[in-house]
>>> print(open('coords.cif').read())   # mmCIF, C-alpha atoms
data_work
loop_
_atom_site.label_atom_id
_atom_site.label_comp_id
_atom_site.auth_asym_id
_atom_site.auth_seq_id
_atom_site.Cartn_x
_atom_site.Cartn_y
_atom_site.Cartn_z
CA PHE N 1 62.10 -18.49 231.14
CA PRO N 2 63.89 -15.11 231.22
CA SER N 3 63.07 -12.82 228.32
CA ASN N 4 66.37 -11.50 226.98
CA PHE N 5 68.73 -11.63 224.03
CA ASP N 6 71.79 -13.10 225.80
CA ASN N 7 71.98 -16.04 223.36
CA THR N 8 70.32 -17.23 220.18
CA ALA N 9 68.00 -19.80 221.80
CA ILE N 10 66.65 -17.40 224.41
CA ALA N 11 66.37 -14.65 221.79
CA PHE N 12 64.17 -16.88 219.58
CA LEU N 13 61.97 -17.77 222.53
CA THR N 14 61.68 -14.09 223.43
CA LEU N 15 60.67 -13.17 219.87
CA PHE N 16 58.17 -16.04 219.84
CA GLU N 17 56.61 -14.65 223.01
CA VAL N 18 56.44 -11.22 221.39
CA ALA N 19 54.86 -12.71 218.24
CA SER N 20 52.21 -14.42 220.39
CA LEU N 21 51.27 -10.95 221.75
CA GLU N 22 51.38 -12.33 225.28
CA GLY N 23 53.05 -9.75 227.52
CA TRP N 24 55.10 -8.27 224.71
CA GLN N 25 54.71 -4.72 226.06
CA ALA N 26 56.67 -5.59 229.22
CA ILE N 27 59.52 -7.02 227.12
CA MET N 28 59.54 -3.92 224.93
CA TYR N 29 59.66 -1.59 227.96
CA ARG N 30 62.62 -3.52 229.46
CA ALA N 31 64.46 -3.33 226.15
CA MET N 32 63.81 0.42 225.98
CA ASP N 33 65.31 0.85 229.46
CA ALA N 34 68.45 -1.21 228.72
CA ARG N 35 71.64 0.80 228.22
CA GLY N 36 74.27 -1.92 227.77
CA VAL N 37 76.16 -4.82 229.36
CA ASN N 38 76.69 -4.47 233.12
CA MET N 39 74.91 -1.10 233.15
CA GLN N 40 71.93 -0.13 235.23
CA PRO N 41 68.68 0.37 233.23
CA GLN N 42 67.36 3.86 232.66
CA GLN N 43 63.82 4.71 231.66
CA ASN N 44 63.44 5.21 227.91
CA ALA N 45 67.20 5.16 227.37
CA ASN N 46 66.94 3.15 224.11
CA MET N 47 63.99 4.47 222.07
CA ALA N 48 65.16 2.57 218.98
CA ALA N 49 64.07 -0.66 220.71
CA CYS N 50 60.48 0.61 220.65
CA LEU N 51 60.60 0.96 216.87
CA TYR N 52 62.15 -2.53 216.54
CA PHE N 53 59.42 -4.21 218.56
CA LEU N 54 56.59 -2.36 216.80
CA VAL N 55 57.90 -3.35 213.36
CA PHE N 56 58.41 -6.94 214.51
CA VAL N 57 54.89 -7.19 215.95
CA PHE N 58 53.36 -5.78 212.77
CA VAL N 59 55.39 -7.88 210.33
CA GLY N 60 56.00 -11.01 212.37
CA SER N 61 52.72 -11.27 214.19
CA PHE N 62 49.97 -9.70 212.11
CA PHE N 63 51.32 -10.20 208.59
CA MET N 64 53.14 -13.55 208.80
CA LEU N 65 50.65 -15.07 211.21
CA SER N 66 47.77 -14.05 208.93
CA ILE N 67 49.49 -15.72 205.96
CA PHE N 68 50.11 -18.84 208.05
CA VAL N 69 46.47 -19.06 209.16
CA THR N 70 45.25 -18.40 205.59
CA VAL N 71 47.32 -21.29 204.24
CA ILE N 72 46.01 -23.63 206.94
CA ILE N 73 42.38 -22.66 206.31
CA ASP N 74 42.81 -22.98 202.53
CA THR N 75 44.38 -26.42 202.90
CA PHE N 76 41.64 -27.53 205.28
CA THR N 77 38.92 -26.31 202.90
CA SER N 78 40.54 -28.08 199.96
CA ILE N 79 40.78 -31.37 201.87
CA LYS N 80 37.20 -31.03 203.10
CA ASN N 81 35.89 -30.44 199.56
CA LYS N 82 37.78 -33.47 198.30
CA GLU N 83 36.34 -35.62 201.08
CA GLU N 84 32.79 -34.41 200.39
CA SER N 85 33.12 -35.09 196.65
CA GLY N 86 34.99 -38.34 197.23
CA ALA N 87 38.03 -37.14 195.30
CA ALA N 88 40.36 -37.76 198.24
CA LEU N 89 39.98 -41.53 197.78
CA MET N 90 39.89 -41.55 193.96
CA THR N 91 42.55 -42.75 191.60
CA PRO N 92 43.90 -40.31 188.98
CA GLU N 93 41.74 -41.98 186.31
CA GLN N 94 38.61 -41.60 188.42
CA LYS N 95 39.39 -37.93 189.08
CA GLU N 96 39.81 -37.34 185.35
CA TRP N 97 36.45 -39.01 184.67
CA MET N 98 34.76 -36.84 187.33
CA ASP N 99 36.32 -33.69 185.86
CA ARG N 100 35.00 -34.57 182.40
CA LYS N 101 31.56 -35.33 183.79
CA ARG N 102 31.51 -31.98 185.65
CA MET N 103 32.61 -30.17 182.48
CA VAL N 104 29.78 -31.75 180.45
CA GLN N 105 27.24 -30.76 183.11
CA GLN N 106 28.44 -27.15 182.97
CA LEU N 107 27.79 -27.00 179.21
CA ASN N 108 24.00 -26.90 179.81
CA LEU N 109 23.30 -29.11 176.82
CA GLU N 110 19.70 -29.13 175.58
CA ARG N 111 17.81 -32.03 174.09
CA ALA N 112 17.85 -31.84 170.30
CA MET N 113 14.39 -31.64 168.73
CA VAL N 114 13.72 -34.41 166.23
CA PRO N 115 11.74 -33.38 163.11
CA PRO N 116 8.67 -35.38 162.07
CA SER N 117 9.25 -38.46 159.98
CA PRO N 118 8.52 -38.14 156.22
CA GLU N 119 6.25 -41.17 156.55
CA ALA N 120 4.15 -39.52 159.26
CA CYS N 121 0.63 -38.25 158.65
CA MET N 122 0.64 -34.73 157.16
CA SER N 123 4.45 -34.76 157.21
CA GLY N 124 4.69 -31.62 155.05
CA VAL N 125 2.48 -29.53 157.34
CA ARG N 126 4.09 -30.92 160.48
CA MET N 127 7.58 -30.19 159.13
CA TRP N 128 6.60 -26.57 158.43
CA LEU N 129 5.12 -26.23 161.92
CA PHE N 130 8.19 -27.89 163.42
CA ARG N 131 10.50 -25.32 161.86
CA LEU N 132 8.15 -22.56 162.95
CA VAL N 133 7.88 -23.48 166.64
CA ILE N 134 11.61 -24.07 167.15
CA SER N 135 12.61 -20.78 165.52
CA ASN N 136 13.85 -17.86 167.61
CA ARG N 137 11.34 -15.49 165.99
CA PHE N 138 8.45 -17.60 167.25
CA GLU N 139 9.99 -17.69 170.74
CA TYR N 140 10.44 -13.92 170.79
CA LEU N 141 6.84 -13.44 169.62
CA VAL N 142 5.55 -15.61 172.46
CA LEU N 143 7.71 -13.80 175.01
CA SER N 144 6.44 -10.44 173.73
CA MET N 145 2.86 -11.61 174.21
CA ILE N 146 3.72 -12.82 177.73
CA VAL N 147 5.13 -9.41 178.68
CA LEU N 148 2.15 -7.64 177.12
CA ASN N 149 -0.27 -9.93 178.95
CA THR N 150 1.50 -9.21 182.25
CA LEU N 151 1.26 -5.46 181.64
CA VAL N 152 -2.47 -5.73 180.93
CA LEU N 153 -2.99 -7.73 184.13
CA GLY N 154 -1.14 -4.98 186.03
CA MET N 155 -3.55 -2.35 184.66
CA GLU N 156 -6.55 -3.81 186.49
CA PHE N 157 -7.84 -1.63 189.32
CA TYR N 158 -10.66 -1.64 191.85
CA ASN N 159 -14.09 -0.38 190.88
CA ALA N 160 -13.32 -0.23 187.16
CA ASN N 161 -16.12 0.96 184.86
CA ASP N 162 -17.84 -1.19 182.24
CA ALA N 163 -15.49 -0.09 179.44
CA TRP N 164 -12.45 -1.27 181.40
CA GLN N 165 -14.18 -4.52 182.33
CA GLU N 166 -14.91 -5.18 178.66
CA PHE N 167 -11.31 -4.38 177.77
CA TYR N 168 -10.04 -6.85 180.36
CA PHE N 169 -12.37 -9.56 179.07
CA VAL N 170 -11.51 -9.06 175.39
CA SER N 171 -7.75 -8.81 176.00
CA GLY N 172 -7.87 -11.86 178.25
CA ALA N 173 -9.67 -13.81 175.52
CA ILE N 174 -7.08 -12.77 172.92
CA PHE N 175 -4.14 -13.79 175.09
CA THR N 176 -5.79 -17.04 176.17
CA TRP N 177 -6.47 -18.21 172.65
CA PHE N 178 -3.05 -17.07 171.45
CA PHE N 179 -1.35 -19.31 174.01
CA PHE N 180 -3.85 -22.06 173.19
CA LEU N 181 -2.84 -21.74 169.54
CA GLU N 182 0.84 -21.84 170.54
CA ALA N 183 0.32 -25.11 172.43
CA ALA N 184 -1.65 -26.58 169.53
CA LEU N 185 1.05 -25.67 166.98
CA LYS N 186 3.75 -27.20 169.15
CA LEU N 187 1.73 -30.36 169.75
CA VAL N 188 1.30 -30.85 166.00
CA GLY N 189 4.81 -29.81 165.02
CA LEU N 190 6.77 -31.58 167.77
CA GLY N 191 4.47 -34.48 168.41
CA LEU N 192 2.74 -35.46 171.64
CA LYS N 193 5.66 -37.38 173.17
CA GLN N 194 8.36 -34.87 172.24
CA TYR N 195 6.22 -31.93 173.39
CA PHE N 196 5.69 -33.26 176.92
CA THR N 197 9.33 -34.35 177.22
CA ASP N 198 10.34 -30.69 177.57
CA ARG N 199 9.57 -29.40 181.08
CA TRP N 200 9.05 -25.86 179.80
CA ASN N 201 6.34 -27.13 177.46
CA VAL N 202 4.67 -28.93 180.38
CA PHE N 203 4.85 -25.69 182.37
CA ASP N 204 3.31 -23.71 179.48
CA PHE N 205 0.56 -26.29 179.01
CA VAL N 206 -0.47 -26.15 182.68
CA VAL N 207 -0.60 -22.34 182.66
CA MET N 208 -2.52 -22.39 179.37
CA ALA N 209 -5.05 -24.85 180.81
CA LEU N 210 -5.56 -22.57 183.82
CA SER N 211 -6.07 -19.63 181.46
CA VAL N 212 -8.72 -21.52 179.47
CA LEU N 213 -10.45 -22.49 182.71
CA THR N 214 -10.43 -18.83 183.80
CA PHE N 215 -11.88 -17.77 180.44
CA VAL N 216 -14.67 -20.35 180.69
CA LEU N 217 -15.53 -19.21 184.23
CA ASP N 218 -15.63 -15.58 183.05
CA ILE N 219 -18.05 -16.51 180.26
CA LEU N 220 -20.32 -18.41 182.67
CA ALA N 221 -20.25 -15.49 185.12
CA ARG N 222 -21.18 -13.01 182.36
CA ALA N 223 -23.99 -15.27 181.14
CA ASP N 224 -25.41 -15.87 184.63
CA SER N 225 -24.98 -13.22 187.30
CA GLU N 226 -25.89 -15.77 189.99
CA PHE N 227 -23.21 -18.25 188.87
CA ASP N 228 -21.12 -19.44 191.83
CA SER N 229 -17.66 -20.42 190.62
CA PRO N 230 -16.01 -23.35 192.44
CA PHE N 231 -12.65 -21.62 191.91
CA ASP N 232 -11.42 -18.11 192.53
CA ALA N 233 -11.11 -16.72 189.01
CA THR N 234 -8.93 -13.84 190.21
CA VAL N 235 -6.30 -16.22 191.60
CA LEU N 236 -6.35 -18.25 188.39
CA ARG N 237 -5.96 -15.07 186.36
CA VAL N 238 -2.96 -13.91 188.37
CA ALA N 239 -1.36 -17.33 187.78
CA ARG N 240 -0.66 -16.20 184.21
CA VAL N 241 2.09 -13.95 185.53
CA VAL N 242 4.28 -17.00 186.16
CA ARG N 243 4.74 -17.19 182.39
CA LEU N 244 7.46 -14.57 182.86
CA LEU N 245 9.66 -17.41 184.10
CA ARG N 246 10.09 -18.36 180.46
CA VAL N 247 12.61 -15.54 180.23
CA LEU N 248 14.96 -17.89 182.09
CA ARG N 249 14.83 -20.17 179.08
CA LEU N 250 16.48 -17.50 176.95
CA THR N 251 19.14 -16.76 179.56
CA LYS N 252 20.14 -20.43 179.56
CA ARG N 253 20.72 -20.17 175.84
#
>>> encode(input="coords.cif", output="C-alpha cells")
Amino acid sequence: FPSNFDNTAIAFLTLFEVASLEGWQAIMYRAMDARGVNMQPQQNANMAACLYFLVFVFVGSFFMLSIFVTVIIDTFTSIKNKEESGAALMTPEQKEWMDRKRMVQQLNLERAMVPPSPEACMSGVRMWLFRLVISNRFEYLVLSMIVLNTLVLGMEFYNANDAWQEFYFVSGAIFTWFFFLEAALKLVGLGLKQYFTDRWNVFDFVVMALSVLTFVLDILARADSEFDSPFDATVLRVARVVRLLRVLRLTKR
C-alpha cells in the first residue's frame, strides 16, 4: 500500500509501518522532501518532519511497544505460575486454603519441646537439665566452643614440634568430651525419643560420634607407634568443621 497521509486509514497504516521499524527511514525521507499539495518534492524541504518521525519512533515504537511486551510477558508468567501450582483450576475456597497453608509454611514453626513428666525417673534432675539445654545461654556456649574448636583445627601445620602435637591432642580431647557431655545432657533432659526427633540433634550426635572415634584412634596411635588405623584420622578430625552449620539454626530463629 502507498505510504502517505492522504486519509486517516492510510495514515494509520503508515504510522504502523513506522512503528514496526520496517523501512521507516524511507517514509521519513519522503516526508522531509514534501513541500505541499500538488507541489514537486524538494530535498530536505520540511525538516520538521524529521523531528516528528524521530519522536514517534522513540515514543510509539520503543516506549509503548516495550510496555506492551512487558504486559504480555507478565500475564504469561502469571498464568504459567498458576498452572504449575494448580491455582488456575482451583475454586476461590481452594485458593484461600492454599494461601493459608503457604503462609503457615513461611512462619518456620519449630517443634515445641515437651518437659519431662513429674512421674518420670529423676524428674527433678531431668527438669533442671531440660531447662538448661533449651536455654539460649547453653546454645551460645556450645556455638562458642564450636568456633573455638574450628580455630584450633585451623592452627595445625605441617611438621609441627612435639609441643604443638601435645597441644592438638589435649585441645582435641577437651572439645571431644565437651560435645560428648552436651549430647549426654540433652539425652537425659529431653529424653531419647525427643532428642532424636530433632534433625539438628541427630547431626550433632553423628559428628560427636566421629569425634570420639577420632580420639580413640589417636590414643591407640600414641600407645602403639605401629598401630594401623582402619580409618584416616585426619579426615575424621576435619569432619568436626561441619559443626559450624549449627549457626544456621540461630539464623532460622
>>> atom_distance(input="coords.cif", atom1="atom CA of N:Lys95", atom2="atom CA of N:Ile73")
23.2 Å
>>> residues_around(input="coords.cif", residues="N:Leu187", least_positions_apart="2", cutoff="10 Å", atoms="only C-alpha atoms", output="count of residues only")
18
>>> atom_distance(input="coords.cif", atom1="atom CA of N:Arg243", atom2="atom CA of N:Glu156")
18.0 Å
>>> resolve_selection(input="coords.cif", expression="the PyMOL selection byres ((chain N and resi 53) around 10)", output="number ranges by chain")
N: 15, 18-19, 24-25, 27-29, 31-32, 48-52, 54-60
>>> closest_residue(input="coords.cif", among="N:Ser20, N:Gln106, N:Thr197, N:Thr150", to="N:Val242", atoms="only C-alpha atoms")
N:Thr150
>>> closest_residue(input="coords.cif", among="N:Leu217, N:Glu96, N:Val188, N:Leu148", to="N:Cys121", atoms="only C-alpha atoms")
N:Val188
>>> atom_distance(input="coords.cif", atom1="atom CA of N:Tyr168", atom2="atom CA of N:Leu153")
8.0 Å
>>> closest_residue(input="coords.cif", among="N:Phe76, N:Met155, N:Ile134, N:Leu21", to="N:Phe62", atoms="only C-alpha atoms")
N:Leu21
>>> axis_aligned_box(input="coords.cif", around="stretch 137-155 of chain N", padding_each_side="6 Å", output="AutoDock Vina command-line options")
--center_x 3.9 --center_y -10.0 --center_z 176.0 --size_x 26.9 --size_y 27.3 --size_z 32.0
>>> residues_around(input="coords.cif", residues="N:Asp228", least_positions_apart="6", cutoff="12 Å", atoms="only C-alpha atoms", output="JSON, numbers by chain")
{"N": [217, 218, 220, 221, 222]}
>>> build_atoms(input="coords.cif", residues="stretch 12-23 of chain N", atoms="all heavy atoms", output="compact mmCIF listing (two decimals), keeping the file's coordinate frame")
# COMPACT_ATOMS: atom_id res chain seq x y z
N PHE N 12 65.29 -16.36 220.37
CA PHE N 12 64.17 -16.88 219.58
C PHE N 12 62.93 -17.09 220.43
O PHE N 12 61.81 -16.80 220.00
CB PHE N 12 64.58 -18.19 218.91
CG PHE N 12 65.23 -18.00 217.57
CD1 PHE N 12 66.57 -18.31 217.40
CD2 PHE N 12 64.51 -17.53 216.49
CE1 PHE N 12 67.19 -18.13 216.16
CE2 PHE N 12 65.11 -17.36 215.26
CZ PHE N 12 66.46 -17.65 215.09
N LEU N 13 63.11 -17.59 221.64
CA LEU N 13 61.97 -17.77 222.53
C LEU N 13 61.35 -16.43 222.91
O LEU N 13 60.12 -16.30 223.02
CB LEU N 13 62.41 -18.52 223.79
CG LEU N 13 62.76 -20.01 223.61
CD1 LEU N 13 63.28 -20.59 224.93
CD2 LEU N 13 61.55 -20.79 223.14
N THR N 14 62.20 -15.42 223.10
CA THR N 14 61.68 -14.09 223.43
C THR N 14 60.88 -13.51 222.26
O THR N 14 59.78 -12.96 222.45
CB THR N 14 62.84 -13.15 223.76
OG1 THR N 14 63.58 -13.69 224.88
CG2 THR N 14 62.34 -11.76 224.11
N LEU N 15 61.40 -13.67 221.04
CA LEU N 15 60.67 -13.17 219.87
C LEU N 15 59.38 -13.95 219.64
O LEU N 15 58.38 -13.39 219.18
CB LEU N 15 61.57 -13.24 218.63
CG LEU N 15 62.76 -12.28 218.62
CD1 LEU N 15 63.61 -12.50 217.36
CD2 LEU N 15 62.29 -10.83 218.68
N PHE N 16 59.40 -15.26 219.95
CA PHE N 16 58.17 -16.04 219.84
C PHE N 16 57.12 -15.55 220.81
O PHE N 16 55.93 -15.47 220.48
CB PHE N 16 58.48 -17.52 220.09
CG PHE N 16 57.26 -18.40 220.02
CD1 PHE N 16 56.71 -18.79 218.81
CD2 PHE N 16 56.65 -18.84 221.20
CE1 PHE N 16 55.58 -19.59 218.76
CE2 PHE N 16 55.52 -19.64 221.15
CZ PHE N 16 54.98 -20.01 219.93
N GLU N 17 57.55 -15.19 222.02
CA GLU N 17 56.61 -14.65 223.01
C GLU N 17 56.05 -13.31 222.54
O GLU N 17 54.85 -13.03 222.71
CB GLU N 17 57.31 -14.48 224.36
CG GLU N 17 56.40 -13.99 225.47
CD GLU N 17 57.10 -13.84 226.79
OE1 GLU N 17 58.30 -14.19 226.85
OE2 GLU N 17 56.48 -13.39 227.77
N VAL N 18 56.91 -12.49 221.93
CA VAL N 18 56.44 -11.22 221.39
C VAL N 18 55.45 -11.45 220.25
O VAL N 18 54.42 -10.77 220.15
CB VAL N 18 57.63 -10.36 220.92
CG1 VAL N 18 57.14 -9.10 220.21
CG2 VAL N 18 58.52 -10.00 222.10
N ALA N 19 55.75 -12.43 219.37
CA ALA N 19 54.86 -12.71 218.24
C ALA N 19 53.52 -13.24 218.71
O ALA N 19 52.50 -13.03 218.04
CB ALA N 19 55.52 -13.72 217.29
N SER N 20 53.48 -13.91 219.85
CA SER N 20 52.21 -14.42 220.39
C SER N 20 51.38 -13.33 221.05
O SER N 20 50.25 -13.58 221.46
CB SER N 20 52.48 -15.53 221.39
OG SER N 20 53.15 -15.01 222.54
N LEU N 21 51.95 -12.11 221.16
CA LEU N 21 51.27 -10.95 221.75
C LEU N 21 50.90 -11.17 223.20
O LEU N 21 49.96 -10.58 223.72
CB LEU N 21 50.02 -10.58 220.94
CG LEU N 21 50.23 -10.25 219.46
CD1 LEU N 21 48.90 -9.91 218.79
CD2 LEU N 21 51.22 -9.11 219.29
N GLU N 22 51.63 -12.04 223.87
CA GLU N 22 51.38 -12.33 225.28
C GLU N 22 52.46 -11.64 226.12
O GLU N 22 53.59 -12.09 226.21
CB GLU N 22 51.42 -13.84 225.54
CG GLU N 22 51.06 -14.25 226.96
CD GLU N 22 49.61 -13.96 227.31
OE1 GLU N 22 48.76 -13.97 226.39
OE2 GLU N 22 49.33 -13.72 228.50
N GLY N 23 52.12 -10.49 226.69
CA GLY N 23 53.05 -9.75 227.52
C GLY N 23 54.20 -9.12 226.76
O GLY N 23 55.27 -8.89 227.35
